[in-house]
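Q: Provided herewith is a single structure, encoded as structure tokens, for subsequent inquiry.
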Amino acid sequence: MKLSKTYSPKQVEDKIYRLWQKSGFFNPDKRPAQRKKTYCITIPPPNITGSLHMGHALNTVVQDILIRFKRLQGLRTLWLPGTDHAGIAAQNVVEKELKKEGKTRFDLGREKFIERMWDWKKKYGNIILDQLKKLGASCDWSRKVFTLDKNYSEAVKTAFLHYYKKGWIYRGKRVINWCPRCQTSLSDLELEYKEEKGKLWYIKYPLEQKNKRTKEQKNKYVLVATTRPETMLGDMAVAVNPKDKRYKNLKGKKVILPLVEREIPVVADNLVDPKFGTGAVKVTPAHDFTDYKIAQNHNLTFCQIIDEQGKITEEAPLSYQGLTILRARQKIIEDLKSKKLLEKEEAYKISIPKCYRCSTTVEFIPSQQWFLKMDKLAKMAEKAVRQGKIKFIPKRFEKTYFDWLKNVRDWCISRQIWWGHKIPLKDESDVLDTWFSSALWPFVTLGWPQKNNDLKRFYPTDVLSTGRDIINLWVARMIFSGLEFMKKVPFKDVYVHATVLTREGKRMSKSLGTGVNPLDLIEKYGADATRFGIAWQVMGGQDIKFVEDNIMMGKKFCNKIWNAARFVLLEIESAKTLLLHSSRVLVETKNLNNVDKRILGELNKTIKSVNKHLENFQFGKAAQVLYDFFWHDFCDRYIEETKRVDIGCQQRTQKILLYVLLTSLKLLHPFVPFITEEIYQKLPLKDKKPCLMVETWPNSLHSHL
RNA sequence: GGGCGGUUAGCUCAGCGGAAGAGCGUCUGGUCUACACCCAGAAGGUCGCAGGUUCAAGUCCUGCACCGCCCACCA
């Protein structure tokens with residue numbers, strides 16, 4: 001029973017984690033004596049390519065606190081873990097490996113390449129889950145799911161065919177986002193816009209001259225402003241706003257598209273912003289979404305001049321064919337200059353769409369793809385939140401969700417990569433957007449489409465905890481999928497956790513070396529200290545500027561807990577037979593002196609406060625309340641008082657010491673599970689549970705104190 | 001172009017209508033037996049700026065500035 005003077009996490013953590021795993025109590029079916037009520041969180045499945053960063057750490061801490069809290073309260077608690085196959089992201093990693101060998105995926109062929117993907121997955125795919133264990137995550141590993149498991153694939157197929165039969169999935173040639181490097185389409189949410197310095201070029205589009213002898217018409221032209229002159233090769237019109245008086249006379253006229261020498265009409269459309277540039281814009285239906293709409297409004301045809309490699313197609317004049325976009329741009333500018341058709345150029349800030357997985361500039365090109373109709377699904381998803389069936393915490397993130405749903409376009413669900421779920425139709429070689437399968441996560445993990453026991457018991461799940469960057473990418477799609485396939489929302493609360501930033505308030509970035517590796521923190525301070533320090537900083541959804549000082553505070557606090565326990569164990573050593581039933585509330589309340597009453601009263605307040613804060617996702621507040629009680633009320637005041645106490649009172653004091661310690665351990669356990677478990681294992685209690693993890697959460701009973 | 005969040009002690013943050021708080025850091029003192037990753041105590045803030053509401057405002061309202069994030073069809 002002798003404890004070392006300082007707490008050493010390394011001697012405790014792995015041992016305790018093994019103890020938990022051996023107990024089987026992460027699995028709700030193995031845990032004895034619990035209430036019927038369930039509590040379930042399906043983990044946001046990390047990508048198999050991922051390695052733990054501070055965002056994961058924060059999210060893991062949050063979820064594990066909730067799960068352990070509810071488990072102690074006696075609920076049938078399931079935290080279901082798993083990983084995501086991460087289509088493009090994972091494929092890119094293996095393609096990079098291949099590149100080192102001087103090969104591409106096309107050299108291997110589809111089948112071999114997918115074999116290679118699975119090899120990679122087997123080797124590295126579970127690393128991140130092992131890292132979660134280091135943090136103490138109490139997931140039921142026996143239920144672990146991977147989004148390409150056989151059952152999962154079946155479920156995806158079922159879901160696809162369900163939509164297909166309903167007529168909500170259709171195939172069509174549309175302008176889509178295309179990554180020339182990944183060689184695949186991307187959904188709107190898979191783009192990241194980056195602001196760059198660009199230019200705005202003003203180009204003269206000469207008016208068609210029917211009668212060459214009319215002098216007035218000579219040298220007449222429409223001035224058009226563009227940031228992407230190369231797309232002019234595919235222009236099918238020039239458009240102006242119908243209310244724009246400057247161009248009143250141009251209606252019905254035609255202009256000659258420079259360099260191509262093609263005749264194109266001037267059209268009037270409300271989509272044109274008269275304040276931009278000259279108020280007259282070029283219309284390239286094949287390579288711009290707005291232009292595509294304008295083209296539809298005026299029955300214009302396409303002319304695709306950029307291909308899937310990002311090169312100029314044969315639709316363009318010969319001299320430009322095969323050039324890359326940048327080369328084509330240069331040449332076009334030169335050619336325009338020499339023809340004196342370039343009026344001027346201005347510096348201009350421009351937002352460039354980049355592939356969110358490889359940062360290559362994305363092109364807009366027409367392509368044959370599969371789409372999922374969004375109108376009805378979006379309405380369902382919106383309604384569920386409006387009716388309060390799902391709550392966002394903090395509430396303001398509802399807005400992000402509603403705004404997206406309001407304007408959402410049909411979801412392009414086909415991808416031209418190989419790693420993923422194949423579209424389950426004959427002669428289809430495309431795979432589904434990785435988010436199509438992720439969208440089914442909360443119920444497929446529980447067994448859907450089979451109607452098994454887990455699905456019945458645990459769906460709808462209770463909380464989804466996630467970062468704000470995937471509210472639409474993932475959360476919204478889970479919500480409508482849940483409503484469509486289960487007829488019920490997939491979770492009741494969406495907790496949108498803080499973003500962990502650097503001390504300077506910037507995004508943590510691996511490549512810039514500004515990231516903090518949680519594993520380093522665990523190594524340096526211990527898992528409990530890391531958890532407590534992180535939880536301490538979780539305040540009302542506010543972003544966290546990470547400072548390591550807080551982890552140090554966590555470490556000191558752990559040491560304080562350790563030493564308080566040492567003291568209590570020393571104090572009660574003399575009382576050979578013990579003392580407390582772990583489940584019994586206390587001790588008789590007579591014979592208490594004021595010091596006793598005070599500590600028990602404070603303890604009582606602390607229990608109430610911790611309950612309240614945890615129910616409200618106020619992790620930082622709960623941590624601070626506990627810290628304050630344990631350190632100041634218990635250690636600084638009560639323990640110091642007991643050192644002065646008369647010998648006659650000892651036994652009562654011993655009981656209170658043990659009682660307050662035990663109760664504190666229970667309250668602290670969700671935050672610092674390892675150290676509290678380790679101490680619990682050493683307490684002399686009469687009817688000790690096998691683990692603190694499955695003890696009974698304290699009631700706040702002694703209000704009369 | 002819209003929207004959201006932030007601006008409080010040297011640092012990171014609580015407080016959101018009634019006498020300025022925590023952790024870390026700093027300083028002073030202490031420590032024979034739980035802990036120096038300790039104890040007792042102290043210093044340190046005209047609560048971003050300017051107006052307004054109120055008996056009373058970090059706390060509510062209006063405007064502005066700076067920092068950060070999100071959305072958008074600025075071609």
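By order in the structure tokens, chains are A, B, ...; within a chain, residues start at 1; ligands start at 1, following the order shown.
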For Glu261 in chain A, list every protein, DNA or RNA residue within 10 Å, evaluated using only C-alpha atoms (C1' of nucleotides), and leave out those in the same chain fewer than 4 positions away; present the list as a list in words.

A: Pro206, Leu233, Val255, Ile256, Leu257 and Pro317 of chain A

Q: Those residues with N, CA and C atoms, as a CSV table (one decimal), in the first residue's frame please?

A:
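Output (again34.csv):
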chain,number,residue,atom,x,y,z
A,206,PRO,N,-14.7,42.7,-80.3
A,206,PRO,CA,-15.2,43.6,-81.4
A,206,PRO,C,-16.7,43.3,-81.8
A,233,LEU,N,-11.6,31.0,-74.8
A,233,LEU,CA,-11.7,30.1,-75.9
A,233,LEU,C,-13.0,29.3,-76.0
A,255,VAL,N,-21.0,39.7,-81.2
A,255,VAL,CA,-19.6,40.2,-81.2
A,255,VAL,C,-18.7,39.0,-81.7
A,256,ILE,N,-17.5,39.4,-82.1
A,256,ILE,CA,-16.6,38.4,-82.6
A,256,ILE,C,-15.7,38.0,-81.4
A,257,LEU,N,-15.7,36.7,-81.1
A,257,LEU,CA,-14.8,36.3,-80.1
A,257,LEU,C,-13.3,36.3,-80.6
A,317,PRO,N,-8.8,26.6,-80.9
A,317,PRO,CA,-8.0,26.8,-82.1
A,317,PRO,C,-6.6,26.0,-81.9

Q: Counting only C-alpha atoms (C1' of nucleotides), collect the residues of chain A whose closest atom lies at most 6 Å from chain B, and write them out as a PDB file with all heavy atoms, in the first residue's frame.

A:
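What follows is the written file out26.pdb:
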ATOM      1  N   THR A 290     -21.766  29.883 -62.790  1.00  0.00           N
ATOM      2  CA  THR A 290     -22.709  30.951 -63.118  1.00  0.00           C
ATOM      3  C   THR A 290     -22.958  30.989 -64.617  1.00  0.00           C
ATOM      4  O   THR A 290     -24.095  31.109 -65.074  1.00  0.00           O
ATOM      5  CB  THR A 290     -22.144  32.309 -62.680  1.00  0.00           C
ATOM      6  OG1 THR A 290     -21.723  32.206 -61.342  1.00  0.00           O
ATOM      7  CG2 THR A 290     -23.197  33.377 -62.806  1.00  0.00           C
ATOM      8  N   ASP A 549       1.182  25.410 -20.382  1.00  0.00           N
ATOM      9  CA  ASP A 549       1.080  25.662 -18.937  1.00  0.00           C
ATOM     10  C   ASP A 549      -0.086  24.913 -18.310  1.00  0.00           C
ATOM     11  O   ASP A 549      -0.022  24.457 -17.175  1.00  0.00           O
ATOM     12  CB  ASP A 549       0.885  27.159 -18.660  1.00  0.00           C
ATOM     13  CG  ASP A 549       2.059  27.983 -19.162  1.00  0.00           C
ATOM     14  OD1 ASP A 549       3.043  27.377 -19.609  1.00  0.00           O
ATOM     15  OD2 ASP A 549       1.965  29.215 -19.116  1.00  0.00           O
ATOM     16  N   LYS A 556       0.425  18.897 -12.002  1.00  0.00           N
ATOM     17  CA  LYS A 556       0.527  19.243 -10.586  1.00  0.00           C
ATOM     18  C   LYS A 556      -0.713  18.785  -9.829  1.00  0.00           C
ATOM     19  O   LYS A 556      -0.634  18.325  -8.686  1.00  0.00           O
ATOM     20  CB  LYS A 556       0.697  20.763 -10.432  1.00  0.00           C
ATOM     21  CG  LYS A 556       2.107  21.224 -10.741  1.00  0.00           C
ATOM     22  CD  LYS A 556       2.131  22.701 -11.070  1.00  0.00           C
ATOM     23  CE  LYS A 556       2.600  23.527  -9.892  1.00  0.00           C
ATOM     24  NZ  LYS A 556       2.930  24.914 -10.296  1.00  0.00           N
ATOM     25  N   ASN A 563      -0.975  12.616  -3.652  1.00  0.00           N
ATOM     26  CA  ASN A 563      -0.469  12.812  -2.299  1.00  0.00           C
ATOM     27  C   ASN A 563      -1.571  12.923  -1.265  1.00  0.00           C
ATOM     28  O   ASN A 563      -1.382  12.520  -0.117  1.00  0.00           O
ATOM     29  CB  ASN A 563       0.461  14.020  -2.261  1.00  0.00           C
ATOM     30  CG  ASN A 563       1.860  13.628  -2.702  1.00  0.00           C
ATOM     31  OD1 ASN A 563       2.540  12.879  -1.998  1.00  0.00           O
ATOM     32  ND2 ASN A 563       2.260  14.075  -3.875  1.00  0.00           N
ATOM     33  N   ALA A 564      -2.688  13.482  -1.677  1.00  0.00           N
ATOM     34  CA  ALA A 564      -3.829  13.502  -0.764  1.00  0.00           C
ATOM     35  C   ALA A 564      -4.233  12.065  -0.443  1.00  0.00           C
ATOM     36  O   ALA A 564      -4.525  11.714   0.709  1.00  0.00           O
ATOM     37  CB  ALA A 564      -4.991  14.266  -1.386  1.00  0.00           C
ATOM     38  N   ARG A 566      -2.299   9.473  -0.576  1.00  0.00           N
ATOM     39  CA  ARG A 566      -1.252   8.914   0.305  1.00  0.00           C
ATOM     40  C   ARG A 566      -1.528   9.276   1.757  1.00  0.00           C
ATOM     41  O   ARG A 566      -1.441   8.457   2.658  1.00  0.00           O
ATOM     42  CB  ARG A 566       0.122   9.479  -0.077  1.00  0.00           C
ATOM     43  CG  ARG A 566       0.804   8.765  -1.211  1.00  0.00           C
ATOM     44  CD  ARG A 566       2.112   9.448  -1.504  1.00  0.00           C
ATOM     45  NE  ARG A 566       3.117   9.197  -0.484  1.00  0.00           N
ATOM     46  CZ  ARG A 566       4.105  10.028  -0.184  1.00  0.00           C
ATOM     47  NH1 ARG A 566       4.226  11.184  -0.811  1.00  0.00           N
ATOM     48  NH2 ARG A 566       4.981   9.731   0.740  1.00  0.00           N
ATOM     49  N   PHE A 567      -1.856  10.531   1.945  1.00  0.00           N
ATOM     50  CA  PHE A 567      -2.127  10.998   3.297  1.00  0.00           C
ATOM     51  C   PHE A 567      -3.301  10.256   3.921  1.00  0.00           C
ATOM     52  O   PHE A 567      -3.226   9.764   5.039  1.00  0.00           O
ATOM     53  CB  PHE A 567      -2.401  12.500   3.295  1.00  0.00           C
ATOM     54  CG  PHE A 567      -2.751  13.035   4.650  1.00  0.00           C
ATOM     55  CD1 PHE A 567      -1.755  13.376   5.555  1.00  0.00           C
ATOM     56  CD2 PHE A 567      -4.082  13.182   5.039  1.00  0.00           C
ATOM     57  CE1 PHE A 567      -2.077  13.848   6.820  1.00  0.00           C
ATOM     58  CE2 PHE A 567      -4.405  13.648   6.311  1.00  0.00           C
ATOM     59  CZ  PHE A 567      -3.396  13.987   7.202  1.00  0.00           C
TER      60      PHE A 567
END

Q: Got a sec: who's within 9 Å of Lys121 in chain A, counting only C-alpha atoms (C1' of nucleotides), leaving out chain neighbours fewer than 2 positions off, as an MDAnalysis selection string?

A: chainID A and resid 48:49 85 90 116:119 123:126

Q: Please write the residues from the selection above to a file, keeping N, CA, C and O atoms, as a PDB file, in the first residue's frame.

A:
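Final file, part.pdb:
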ATOM      1  N   ILE A  48      -8.040   6.457 -41.763  1.00  0.00           N
ATOM      2  CA  ILE A  48      -6.958   5.498 -41.550  1.00  0.00           C
ATOM      3  C   ILE A  48      -5.594   6.127 -41.809  1.00  0.00           C
ATOM      4  O   ILE A  48      -4.584   5.604 -41.377  1.00  0.00           O
ATOM      5  N   THR A  49      -5.590   7.242 -42.496  1.00  0.00           N
ATOM      6  CA  THR A  49      -4.309   7.909 -42.756  1.00  0.00           C
ATOM      7  C   THR A  49      -3.910   8.824 -41.612  1.00  0.00           C
ATOM      8  O   THR A  49      -2.816   9.364 -41.610  1.00  0.00           O
ATOM      9  N   HIS A  85     -12.421   4.833 -44.344  1.00  0.00           N
ATOM     10  CA  HIS A  85     -11.460   4.491 -45.402  1.00  0.00           C
ATOM     11  C   HIS A  85     -10.900   5.716 -46.102  1.00  0.00           C
ATOM     12  O   HIS A  85      -9.875   5.651 -46.761  1.00  0.00           O
ATOM     13  N   ALA A  90      -6.737   8.614 -48.481  1.00  0.00           N
ATOM     14  CA  ALA A  90      -5.959   7.389 -48.334  1.00  0.00           C
ATOM     15  C   ALA A  90      -5.314   6.993 -49.653  1.00  0.00           C
ATOM     16  O   ALA A  90      -4.147   6.594 -49.711  1.00  0.00           O
ATOM     17  N   ARG A 116      -2.994  -3.303 -52.755  1.00  0.00           N
ATOM     18  CA  ARG A 116      -1.967  -2.497 -52.113  1.00  0.00           C
ATOM     19  C   ARG A 116      -2.576  -1.583 -51.044  1.00  0.00           C
ATOM     20  O   ARG A 116      -2.018  -1.385 -49.964  1.00  0.00           O
ATOM     21  N   MET A 117      -3.743  -1.052 -51.360  1.00  0.00           N
ATOM     22  CA  MET A 117      -4.455  -0.215 -50.391  1.00  0.00           C
ATOM     23  C   MET A 117      -4.770  -1.003 -49.115  1.00  0.00           C
ATOM     24  O   MET A 117      -4.580  -0.512 -48.004  1.00  0.00           O
ATOM     25  N   TRP A 118      -5.229  -2.233 -49.323  1.00  0.00           N
ATOM     26  CA  TRP A 118      -5.574  -3.051 -48.153  1.00  0.00           C
ATOM     27  C   TRP A 118      -4.330  -3.407 -47.345  1.00  0.00           C
ATOM     28  O   TRP A 118      -4.369  -3.422 -46.101  1.00  0.00           O
ATOM     29  N   ASP A 119      -3.227  -3.669 -48.025  1.00  0.00           N
ATOM     30  CA  ASP A 119      -1.978  -3.924 -47.306  1.00  0.00           C
ATOM     31  C   ASP A 119      -1.642  -2.737 -46.420  1.00  0.00           C
ATOM     32  O   ASP A 119      -1.284  -2.875 -45.251  1.00  0.00           O
ATOM     33  N   LYS A 123      -1.526  -2.439 -42.258  1.00  0.00           N
ATOM     34  CA  LYS A 123      -0.287  -2.070 -41.583  1.00  0.00           C
ATOM     35  C   LYS A 123      -0.460  -0.813 -40.720  1.00  0.00           C
ATOM     36  O   LYS A 123       0.021  -0.748 -39.598  1.00  0.00           O
ATOM     37  N   TYR A 124      -1.117   0.179 -41.266  1.00  0.00           N
ATOM     38  CA  TYR A 124      -1.141   1.485 -40.591  1.00  0.00           C
ATOM     39  C   TYR A 124      -2.523   1.935 -40.123  1.00  0.00           C
ATOM     40  O   TYR A 124      -2.639   2.898 -39.376  1.00  0.00           O
ATOM     41  N   GLY A 125      -3.548   1.240 -40.557  1.00  0.00           N
ATOM     42  CA  GLY A 125      -4.911   1.737 -40.370  1.00  0.00           C
ATOM     43  C   GLY A 125      -5.395   1.824 -38.935  1.00  0.00           C
ATOM     44  O   GLY A 125      -6.353   2.528 -38.643  1.00  0.00           O
ATOM     45  N   ASN A 126      -4.727   1.106 -38.041  1.00  0.00           N
ATOM     46  CA  ASN A 126      -5.209   1.127 -36.657  1.00  0.00           C
ATOM     47  C   ASN A 126      -4.330   1.946 -35.717  1.00  0.00           C
ATOM     48  O   ASN A 126      -4.590   2.012 -34.520  1.00  0.00           O
TER      49      ASN A 126
END

Q: Write out as an mmCIF file with all heavy atoms, in the first residue's frame each polymer residue whose atoms come within 12 Å of G51 in chain B, counting only C-alpha atoms (C1' of nucleotides); drop sequence neighbours fewer than 3 positions from it.

A:
data_model
loop_
_atom_site.group_PDB
_atom_site.id
_atom_site.type_symbol
_atom_site.label_atom_id
_atom_site.label_comp_id
_atom_site.auth_asym_id
_atom_site.auth_seq_id
_atom_site.Cartn_x
_atom_site.Cartn_y
_atom_site.Cartn_z
ATOM 1 P P C B 61 -26.931 43.938 -26.516
ATOM 2 O OP1 C B 61 -27.493 42.975 -27.486
ATOM 3 O OP2 C B 61 -25.459 44.015 -26.318
ATOM 4 O "O5'" C B 61 -27.441 45.401 -26.893
ATOM 5 C "C5'" C B 61 -28.816 45.637 -27.191
ATOM 6 C "C4'" C B 61 -28.992 47.078 -27.603
ATOM 7 O "O4'" C B 61 -28.665 47.946 -26.475
ATOM 8 C "C3'" C B 61 -28.044 47.550 -28.698
ATOM 9 O "O3'" C B 61 -28.525 47.193 -29.980
ATOM 10 C "C2'" C B 61 -28.023 49.052 -28.471
ATOM 11 O "O2'" C B 61 -29.162 49.692 -28.989
ATOM 12 C "C1'" C B 61 -28.036 49.123 -26.942
ATOM 13 N N1 C B 61 -26.682 49.196 -26.355
ATOM 14 C C2 C B 61 -26.009 50.425 -26.377
ATOM 15 O O2 C B 61 -26.563 51.403 -26.897
ATOM 16 N N3 C B 61 -24.775 50.503 -25.828
ATOM 17 C C4 C B 61 -24.208 49.429 -25.286
ATOM 18 N N4 C B 61 -22.984 49.573 -24.755
ATOM 19 C C5 C B 61 -24.868 48.163 -25.254
ATOM 20 C C6 C B 61 -26.089 48.093 -25.795
ATOM 21 P P U B 62 -27.485 46.911 -31.156
ATOM 22 O OP1 U B 62 -28.247 46.354 -32.289
ATOM 23 O OP2 U B 62 -26.313 46.157 -30.611
ATOM 24 O "O5'" U B 62 -26.984 48.374 -31.523
ATOM 25 C "C5'" U B 62 -27.897 49.346 -32.044
ATOM 26 C "C4'" U B 62 -27.171 50.635 -32.289
ATOM 27 O "O4'" U B 62 -26.773 51.218 -31.014
ATOM 28 C "C3'" U B 62 -25.850 50.507 -33.036
ATOM 29 O "O3'" U B 62 -26.032 50.390 -34.430
ATOM 30 C "C2'" U B 62 -25.148 51.799 -32.641
ATOM 31 O "O2'" U B 62 -25.636 52.919 -33.355
ATOM 32 C "C1'" U B 62 -25.547 51.915 -31.170
ATOM 33 N N1 U B 62 -24.539 51.315 -30.279
ATOM 34 C C2 U B 62 -23.424 52.086 -29.965
ATOM 35 O O2 U B 62 -23.257 53.215 -30.394
ATOM 36 N N3 U B 62 -22.510 51.476 -29.129
ATOM 37 C C4 U B 62 -22.606 50.209 -28.593
ATOM 38 O O4 U B 62 -21.710 49.802 -27.854
ATOM 39 C C5 U B 62 -23.779 49.479 -28.967
ATOM 40 C C6 U B 62 -24.692 50.044 -29.779
ATOM 41 P P G B 63 -24.966 49.555 -35.287
ATOM 42 O OP1 G B 63 -25.517 49.419 -36.642
ATOM 43 O OP2 G B 63 -24.564 48.355 -34.516
ATOM 44 O "O5'" G B 63 -23.723 50.546 -35.328
ATOM 45 C "C5'" G B 63 -23.811 51.778 -36.047
ATOM 46 C "C4'" G B 63 -22.628 52.642 -35.735
ATOM 47 O "O4'" G B 63 -22.571 52.894 -34.303
ATOM 48 C "C3'" G B 63 -21.264 52.031 -36.029
ATOM 49 O "O3'" G B 63 -20.922 52.081 -37.393
ATOM 50 C "C2'" G B 63 -20.351 52.899 -35.163
ATOM 51 O "O2'" G B 63 -20.131 54.163 -35.743
ATOM 52 C "C1'" G B 63 -21.213 53.049 -33.904
ATOM 53 N N9 G B 63 -20.876 52.018 -32.918
ATOM 54 C C8 G B 63 -21.578 50.868 -32.606
ATOM 55 N N7 G B 63 -20.986 50.155 -31.685
ATOM 56 C C5 G B 63 -19.828 50.857 -31.383
ATOM 57 C C6 G B 63 -18.785 50.568 -30.463
ATOM 58 O O6 G B 63 -18.678 49.591 -29.698
ATOM 59 N N1 G B 63 -17.794 51.542 -30.481
ATOM 60 C C2 G B 63 -17.813 52.664 -31.284
ATOM 61 N N2 G B 63 -16.767 53.483 -31.162
ATOM 62 N N3 G B 63 -18.778 52.949 -32.136
ATOM 63 C C4 G B 63 -19.744 52.000 -32.134
ATOM 64 P P C B 64 -19.947 50.988 -38.005
ATOM 65 O OP1 C B 64 -19.886 51.206 -39.464
ATOM 66 O OP2 C B 64 -20.338 49.670 -37.466
ATOM 67 O "O5'" C B 64 -18.547 51.393 -37.374
ATOM 68 C "C5'" C B 64 -17.944 52.648 -37.701
ATOM 69 C "C4'" C B 64 -16.699 52.840 -36.876
ATOM 70 O "O4'" C B 64 -17.028 52.793 -35.467
ATOM 71 C "C3'" C B 64 -15.637 51.763 -37.024
ATOM 72 O "O3'" C B 64 -14.862 51.920 -38.188
ATOM 73 C "C2'" C B 64 -14.821 51.973 -35.753
ATOM 74 O "O2'" C B 64 -13.960 53.086 -35.843
ATOM 75 C "C1'" C B 64 -15.930 52.270 -34.733
ATOM 76 N N1 C B 64 -16.361 51.052 -34.022
ATOM 77 C C2 C B 64 -15.552 50.585 -32.965
ATOM 78 O O2 C B 64 -14.510 51.211 -32.689
ATOM 79 N N3 C B 64 -15.903 49.479 -32.290
ATOM 80 C C4 C B 64 -17.021 48.836 -32.625
ATOM 81 N N4 C B 64 -17.335 47.751 -31.931
ATOM 82 C C5 C B 64 -17.865 49.275 -33.695
ATOM 83 C C6 C B 64 -17.499 50.389 -34.361
#

Q: Taking only C-alpha atoms into account, which of A:Ala89, A:Met693, A:Leu271, A:Val281 comes nearest Thr77 in chain A?

A: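 Nearest to Thr77 in chain A: A:Met693.
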
Q: Can you list, as number ranges by chain, every protein, DNA or RNA residue that comes within 12 Å of Tyr401 in chain A when you count only C-alpha atoms (C1' of nucleotides), leaving out same-chain residues fewer than 6 positions away?

A: A: 378-379, 381-386, 390-392, 395, 407-408, 468-477, 479, 494, 496; B: 70-71

Q: Pull the strand (DSSP E) assignments for range 256-301 of chain A out of DSSP run on the backbone, and list those residues as a PyMOL selection string.

A: chain A and resi 256-257+262-268+280-283

Q: Can you pull out every residue within 12 Å of Val145 in chain A, counting only C-alpha atoms (C1' of nucleotides), but drop anything in the same chain fewer than 5 positions away, and send it as a ChimeraX atom specification?

A: /A:42-46,48,79-85,125-126,129,139-140,150-153,438,441-447

Q: Which residues come within 8 Å of Ile312 in chain A, counting only C-alpha atoms (C1' of nucleotides), excluding same-chain residues fewer than 3 positions away, as a ChimeraX atom specification?

A: /A:305-307,316,320-325,328

Q: Based on the selection just made, write all heavy atoms of those residues as a compact mmCIF listing (two decimals), in the first residue's frame.

A:
# COMPACT_ATOMS: atom_id res chain seq x y z
N ILE A 305 -13.18 23.52 -73.42
CA ILE A 305 -11.83 23.77 -73.92
C ILE A 305 -10.75 23.37 -72.91
O ILE A 305 -9.57 23.51 -73.17
CB ILE A 305 -11.66 25.25 -74.35
CG1 ILE A 305 -12.04 26.21 -73.22
CG2 ILE A 305 -12.51 25.54 -75.58
CD1 ILE A 305 -10.91 26.75 -72.47
N ILE A 306 -11.17 22.90 -71.73
CA ILE A 306 -10.20 22.38 -70.77
C ILE A 306 -10.54 20.91 -70.53
O ILE A 306 -11.71 20.58 -70.32
CB ILE A 306 -10.26 23.15 -69.44
CG1 ILE A 306 -9.90 24.61 -69.66
CG2 ILE A 306 -9.31 22.52 -68.41
CD1 ILE A 306 -10.17 25.50 -68.46
N ASP A 307 -9.54 20.05 -70.58
CA ASP A 307 -9.83 18.63 -70.40
C ASP A 307 -9.49 18.16 -68.99
O ASP A 307 -9.14 18.96 -68.12
CB ASP A 307 -9.10 17.79 -71.46
CG ASP A 307 -7.60 17.76 -71.22
OD1 ASP A 307 -7.14 18.23 -70.15
OD2 ASP A 307 -6.87 17.26 -72.11
N ALA A 316 -10.51 23.97 -79.09
CA ALA A 316 -9.91 25.29 -79.18
C ALA A 316 -9.12 25.40 -80.49
O ALA A 316 -8.82 24.38 -81.12
CB ALA A 316 -8.98 25.51 -78.01
N TYR A 320 -3.51 26.57 -79.61
CA TYR A 320 -3.60 26.48 -78.15
C TYR A 320 -3.75 25.04 -77.68
O TYR A 320 -3.58 24.74 -76.51
CB TYR A 320 -4.79 27.29 -77.63
CG TYR A 320 -4.73 28.74 -78.02
CD1 TYR A 320 -5.54 29.24 -79.03
CD2 TYR A 320 -3.84 29.60 -77.38
CE1 TYR A 320 -5.48 30.58 -79.40
CE2 TYR A 320 -3.77 30.94 -77.74
CZ TYR A 320 -4.59 31.42 -78.75
OH TYR A 320 -4.52 32.72 -79.10
N GLN A 321 -4.07 24.17 -78.55
CA GLN A 321 -4.37 22.79 -78.16
C GLN A 321 -3.19 22.14 -77.43
O GLN A 321 -2.04 22.27 -77.83
CB GLN A 321 -4.73 21.95 -79.39
CG GLN A 321 -6.10 22.30 -79.94
CD GLN A 321 -6.43 21.53 -81.20
OE1 GLN A 321 -5.83 20.51 -81.48
NE2 GLN A 321 -7.41 22.03 -81.95
N GLY A 322 -3.51 21.46 -76.36
CA GLY A 322 -2.50 20.71 -75.61
C GLY A 322 -1.72 21.56 -74.61
O GLY A 322 -0.96 21.01 -73.81
N LEU A 323 -1.91 22.86 -74.64
CA LEU A 323 -1.20 23.69 -73.66
C LEU A 323 -1.82 23.53 -72.27
O LEU A 323 -3.01 23.29 -72.14
CB LEU A 323 -1.29 25.17 -74.06
CG LEU A 323 -0.61 25.60 -75.36
CD1 LEU A 323 -0.76 27.10 -75.55
CD2 LEU A 323 0.86 25.21 -75.35
N THR A 324 -0.99 23.68 -71.25
CA THR A 324 -1.56 23.74 -69.91
C THR A 324 -2.28 25.07 -69.76
O THR A 324 -2.06 26.00 -70.56
CB THR A 324 -0.48 23.68 -68.83
OG1 THR A 324 0.36 24.83 -68.96
CG2 THR A 324 0.34 22.41 -68.95
N ILE A 325 -3.08 25.15 -68.75
CA ILE A 325 -3.87 26.36 -68.57
C ILE A 325 -3.00 27.61 -68.44
O ILE A 325 -3.28 28.63 -69.05
CB ILE A 325 -4.79 26.20 -67.34
CG1 ILE A 325 -5.92 25.26 -67.70
CG2 ILE A 325 -5.34 27.53 -66.88
CD1 ILE A 325 -6.66 24.71 -66.55
N ALA A 328 -1.43 28.47 -71.74
CA ALA A 328 -2.47 29.01 -72.63
C ALA A 328 -2.78 30.46 -72.26
O ALA A 328 -2.93 31.32 -73.13
CB ALA A 328 -3.73 28.16 -72.54

Q: If you run DSSP on the backbone here, which positions in range 432-676 of chain A get alpha helix (DSSP H)? Please write them as JSON, numbers by chain.

A: {"A": [434, 435, 436, 437, 438, 441, 442, 443, 444, 453, 454, 455, 456, 457, 458, 477, 478, 479, 480, 481, 482, 483, 484, 485, 486, 518, 519, 520, 521, 522, 523, 524, 525, 527, 528, 529, 530, 531, 532, 533, 534, 535, 536, 549, 550, 551, 552, 553, 554, 555, 556, 557, 558, 559, 560, 561, 562, 563, 564, 565, 566, 567, 568, 569, 570, 571, 572, 594, 595, 596, 597, 598, 599, 600, 601, 602, 603, 604, 605, 606, 607, 608, 609, 610, 611, 612, 613, 614, 615, 619, 620, 621, 622, 623, 624, 625, 626, 627, 640, 641, 642, 650, 651, 652, 653, 654, 655, 656, 657, 658, 659, 660, 661, 662, 663, 664, 665, 666, 667, 668, 673, 674, 675, 676]}
